Amino acid sequence: MNATTTKGRAADGLAAWIAPGRTALVIIDMQTDFALPEGALGAAGVDLSAVPAALAAAQRLATAAREAGVPVVFVGLMTSAAEDSPAWAEWMRRRGDDPAELCRSGTPGAEFVGPTPQPGEPVVSKLRYSGFHRTELDATLKRLGVDTLVVCGLTTECCVDCTVRDAFHLDYQVFVARDACAAYDPELHDATLRSLELNCAILTTADAVAAAWAGA
């Protein structure tokens with residue numbers, strides 16, 4: 001079997017595996033505080049150089065999903081002082097760091113960037129890393145009747161990783177668009193993707209997903 005035949009069969013498999021009607025696109029934490037220079041992490045001097053390409057790839061995914069009738073679900077950190085995690089704050093202190101205020105509800109820092117929710121698209125708010133922890137995400141996906149997720153977002157090693165693992169534990173088939181995710185450390189990005197691929201997800205790209213949906 002030649003390489004062209006192998007790639008063709010893989011593409012055919014992807015189209016069936018992520019077919020509209022069984023799949024949702026889940027976009028995680030693409031928000032100002034995590035993604036833009038004027039956000040909390042950018043203002044703190046975090047290297048955001050990997051983020052713009054991921055935002056652009058996620059936008060291509062969202063456009064392709066909408067054109068194919070694939071539901072787009074946004075998951076975002078939406079915090080308040082009353083609901084901050086004491087354990088997280090104490091962990092930060094023990095590391096010698098000051099706990100940061102991230103994605104406060106109703107502030108510019110919590111706004112979605114890159115792809116943004118369109119009217120009628122679900123937006124799930126979370127308070128911890130995983131999009132499934134004490135949220136309506138699982139119930140939302142079940143109402144949509146999907147068993148398969150294409151996931152992208154920020155950051156690869158944190159909220160994407162935690163959400164993907166929980167999705168797998170809840171028996172979803174999970175595909176991660178690796179170029180539509182980013183970490184602030186490229187080595188962490190690559191290592192996390194390798195771990196997810198070994199344990200609970202199939203890696204793909206935004207363009208491969210878009211092509212599969214375009215041909216559906």
# chains A, B, ... in the order shown; residues from 1 in each chain; ligands from 1
>>> residues_around(residues="A:Thr204", least_positions_apart="4", cutoff="8 Å", atoms="only C-alpha atoms", output="list in words")
Phe175, Val176, Ala177, Arg178, Ala208 and Val209 of chain A
>>> write_last_selection(atoms="C-alpha atoms", output="PDB file, in the first residue's frame")
ATOM      1  CA  PHE A 175     -10.288  14.514  18.479  1.00  0.00           C
ATOM      2  CA  VAL A 176      -7.850  17.314  19.273  1.00  0.00           C
ATOM      3  CA  ALA A 177      -6.993  19.845  16.565  1.00  0.00           C
ATOM      4  CA  ARG A 178      -3.372  20.255  17.553  1.00  0.00           C
ATOM      5  CA  ALA A 208      -8.130  18.133   8.037  1.00  0.00           C
ATOM      6  CA  VAL A 209     -11.278  18.611  10.087  1.00  0.00           C
TER       7      VAL A 209
END
>>> select_by_dssp(residues="stretch 57-192 of chain A", states="helix (DSSP H, G or I)", output="JSON, numbers by chain")
{"A": [57, 58, 59, 60, 61, 62, 63, 64, 65, 66, 67, 68, 81, 82, 83, 86, 87, 88, 89, 90, 91, 92, 93, 94, 95, 108, 109, 110, 137, 138, 139, 140, 141, 142, 143, 144, 156, 157, 158, 159, 160, 161, 162, 163, 164, 165, 166, 167, 168, 169, 186, 187, 188, 189, 190, 191, 192]}
>>> residues_around(residues="stretch 26-33 of chain A", least_positions_apart="6", cutoff="6 Å", atoms="only C-alpha atoms", output="number ranges by chain")
A: 39-41, 73-76, 109-113, 151-154
>>> closest_residue(among="A:Ala89, A:Leu144, A:Leu127, A:Leu149", to="A:Ser105", atoms="only C-alpha atoms")
A:Leu127
>>> residues_around(residues="A:Asp147", least_positions_apart="4", cutoff="8 Å", atoms="only C-alpha atoms", output="PDB file with C-alpha atoms, in the first residue's frame")
ATOM      1  CA  ARG A  22     -22.674  13.038  15.830  1.00  0.00           C
ATOM      2  CA  THR A  23     -19.993  15.685  16.480  1.00  0.00           C
ATOM      3  CA  LEU A 141     -23.633  17.780  24.636  1.00  0.00           C
ATOM      4  CA  LYS A 142     -26.196  15.106  25.434  1.00  0.00           C
ATOM      5  CA  ASP A 171     -17.219   7.965  26.918  1.00  0.00           C
ATOM      6  CA  TYR A 172     -16.959  10.635  24.234  1.00  0.00           C
ATOM      7  CA  GLN A 173     -14.741  10.024  21.238  1.00  0.00           C
TER       8      GLN A 173
END
>>> select_by_dssp(residues="chain A", states="strand (DSSP E or B)", output="PDB file with C-alpha atoms, in the first residue's frame")
ATOM      1  CA  THR A  23     -19.993  15.685  16.480  1.00  0.00           C
ATOM      2  CA  ALA A  24     -19.637  19.014  18.280  1.00  0.00           C
ATOM      3  CA  LEU A  25     -16.775  21.482  18.142  1.00  0.00           C
ATOM      4  CA  VAL A  26     -15.725  22.490  21.663  1.00  0.00           C
ATOM      5  CA  ILE A  27     -13.662  25.676  21.999  1.00  0.00           C
ATOM      6  CA  ILE A  28     -11.970  26.104  25.375  1.00  0.00           C
ATOM      7  CA  GLN A  31     -10.434  34.541  26.124  1.00  0.00           C
ATOM      8  CA  VAL A  72     -20.130  24.925  18.194  1.00  0.00           C
ATOM      9  CA  VAL A  73     -19.895  24.960  21.984  1.00  0.00           C
ATOM     10  CA  PHE A  74     -17.845  27.557  23.839  1.00  0.00           C
ATOM     11  CA  VAL A  75     -16.355  26.814  27.244  1.00  0.00           C
ATOM     12  CA  GLY A  76     -14.888  29.672  29.244  1.00  0.00           C
ATOM     13  CA  LEU A  77     -13.498  30.449  32.647  1.00  0.00           C
ATOM     14  CA  THR A  79     -14.734  33.706  37.868  1.00  0.00           C
ATOM     15  CA  ARG A 104     -13.682  37.875  36.026  1.00  0.00           C
ATOM     16  CA  PHE A 112     -13.950  35.326  23.922  1.00  0.00           C
ATOM     17  CA  VAL A 123     -21.663  28.977  26.187  1.00  0.00           C
ATOM     18  CA  VAL A 124     -20.640  26.938  29.217  1.00  0.00           C
ATOM     19  CA  SER A 125     -19.048  28.727  32.164  1.00  0.00           C
ATOM     20  CA  LYS A 126     -16.571  26.921  34.388  1.00  0.00           C
ATOM     21  CA  THR A 148     -17.838  12.805  19.357  1.00  0.00           C
ATOM     22  CA  LEU A 149     -15.930  16.011  20.106  1.00  0.00           C
ATOM     23  CA  VAL A 150     -13.412  18.035  18.162  1.00  0.00           C
ATOM     24  CA  VAL A 151     -11.571  20.067  20.786  1.00  0.00           C
ATOM     25  CA  CYS A 152      -9.378  23.146  20.548  1.00  0.00           C
ATOM     26  CA  GLY A 153      -8.381  25.949  22.872  1.00  0.00           C
ATOM     27  CA  LEU A 154      -6.059  27.266  25.552  1.00  0.00           C
ATOM     28  CA  GLN A 173     -14.741  10.024  21.238  1.00  0.00           C
ATOM     29  CA  VAL A 174     -12.289  12.916  21.282  1.00  0.00           C
ATOM     30  CA  PHE A 175     -10.288  14.514  18.479  1.00  0.00           C
ATOM     31  CA  VAL A 176      -7.850  17.314  19.273  1.00  0.00           C
ATOM     32  CA  ALA A 177      -6.993  19.845  16.565  1.00  0.00           C
ATOM     33  CA  ARG A 178      -3.372  20.255  17.553  1.00  0.00           C
ATOM     34  CA  ASP A 179      -2.741  23.466  15.613  1.00  0.00           C
ATOM     35  CA  ALA A 180      -5.851  25.080  17.106  1.00  0.00           C
ATOM     36  CA  CYS A 181      -4.450  24.643  20.621  1.00  0.00           C
ATOM     37  CA  ALA A 182      -1.547  26.483  22.214  1.00  0.00           C
ATOM     38  CA  ILE A 202      -6.841  11.240  18.270  1.00  0.00           C
ATOM     39  CA  LEU A 203      -4.766  14.154  16.998  1.00  0.00           C
ATOM     40  CA  THR A 204      -5.704  15.978  13.826  1.00  0.00           C
TER      41      THR A 204
END
>>> closest_residue(among="A:Ala211, A:Ala183, A:Ala65, A:Met92", to="A:Pro52", atoms="only C-alpha atoms")
A:Ala183
>>> closest_residue(among="A:Ala139, A:Cys200, A:Ala81, A:Leu188", to="A:Thr163", atoms="only C-alpha atoms")
A:Cys200
>>> residues_around(residues="A:Arg165", least_positions_apart="3", cutoff="9 Å", atoms="only C-alpha atoms", output="mmCIF file with N, CA and C atoms, in the first residue's frame")
data_model
loop_
_atom_site.group_PDB
_atom_site.id
_atom_site.type_symbol
_atom_site.label_atom_id
_atom_site.label_comp_id
_atom_site.auth_asym_id
_atom_site.auth_seq_id
_atom_site.Cartn_x
_atom_site.Cartn_y
_atom_site.Cartn_z
ATOM 1 N N SER A 130 -11.165 21.792 34.099
ATOM 2 C CA SER A 130 -11.967 20.965 33.196
ATOM 3 C C SER A 130 -13.293 21.629 32.860
ATOM 4 N N VAL A 160 -7.294 22.412 28.237
ATOM 5 C CA VAL A 160 -7.564 21.469 27.149
ATOM 6 C C VAL A 160 -7.316 20.046 27.626
ATOM 7 N N ASP A 161 -6.178 19.817 28.241
ATOM 8 C CA ASP A 161 -5.832 18.484 28.738
ATOM 9 C C ASP A 161 -6.891 17.953 29.709
ATOM 10 N N CYS A 162 -7.251 18.758 30.686
ATOM 11 C CA CYS A 162 -8.216 18.298 31.696
ATOM 12 C C CYS A 162 -9.580 18.016 31.084
ATOM 13 N N PHE A 168 -13.137 11.833 27.693
ATOM 14 C CA PHE A 168 -12.866 10.418 27.452
ATOM 15 C C PHE A 168 -13.454 9.560 28.575
ATOM 16 N N HIS A 169 -13.330 10.024 29.812
ATOM 17 C CA HIS A 169 -13.893 9.279 30.941
ATOM 18 C C HIS A 169 -15.414 9.203 30.872
ATOM 19 N N LEU A 170 -16.015 10.185 30.193
ATOM 20 C CA LEU A 170 -17.472 10.196 30.017
ATOM 21 C C LEU A 170 -17.899 9.502 28.724
ATOM 22 N N VAL A 174 -12.865 11.573 21.250
ATOM 23 C CA VAL A 174 -12.289 12.916 21.282
ATOM 24 C C VAL A 174 -11.186 13.064 20.229
ATOM 25 N N LEU A 196 -1.847 12.851 25.388
ATOM 26 C CA LEU A 196 -3.254 12.668 25.034
ATOM 27 C C LEU A 196 -3.413 11.648 23.920
ATOM 28 N N ASN A 199 -3.147 8.148 25.219
ATOM 29 C CA ASN A 199 -4.088 7.693 26.241
ATOM 30 C C ASN A 199 -5.569 7.877 25.933
ATOM 31 N N CYS A 200 -5.947 8.943 25.210
ATOM 32 C CA CYS A 200 -7.391 9.176 25.166
ATOM 33 C C CYS A 200 -7.904 9.991 23.993
ATOM 34 N N ALA A 201 -7.071 10.387 23.060
ATOM 35 C CA ALA A 201 -7.554 11.249 21.972
ATOM 36 C C ALA A 201 -6.855 10.904 20.673
#
>>> residues_around(residues="A:Pro115", least_positions_apart="5", cutoff="7 Å", atoms="only C-alpha atoms", output="PyMOL selection string")
chain A and resi 58-59+62
>>> atom_distance(atom1="atom CA of A:Pro122", atom2="atom CA of A:Ala16")
24.3 Å
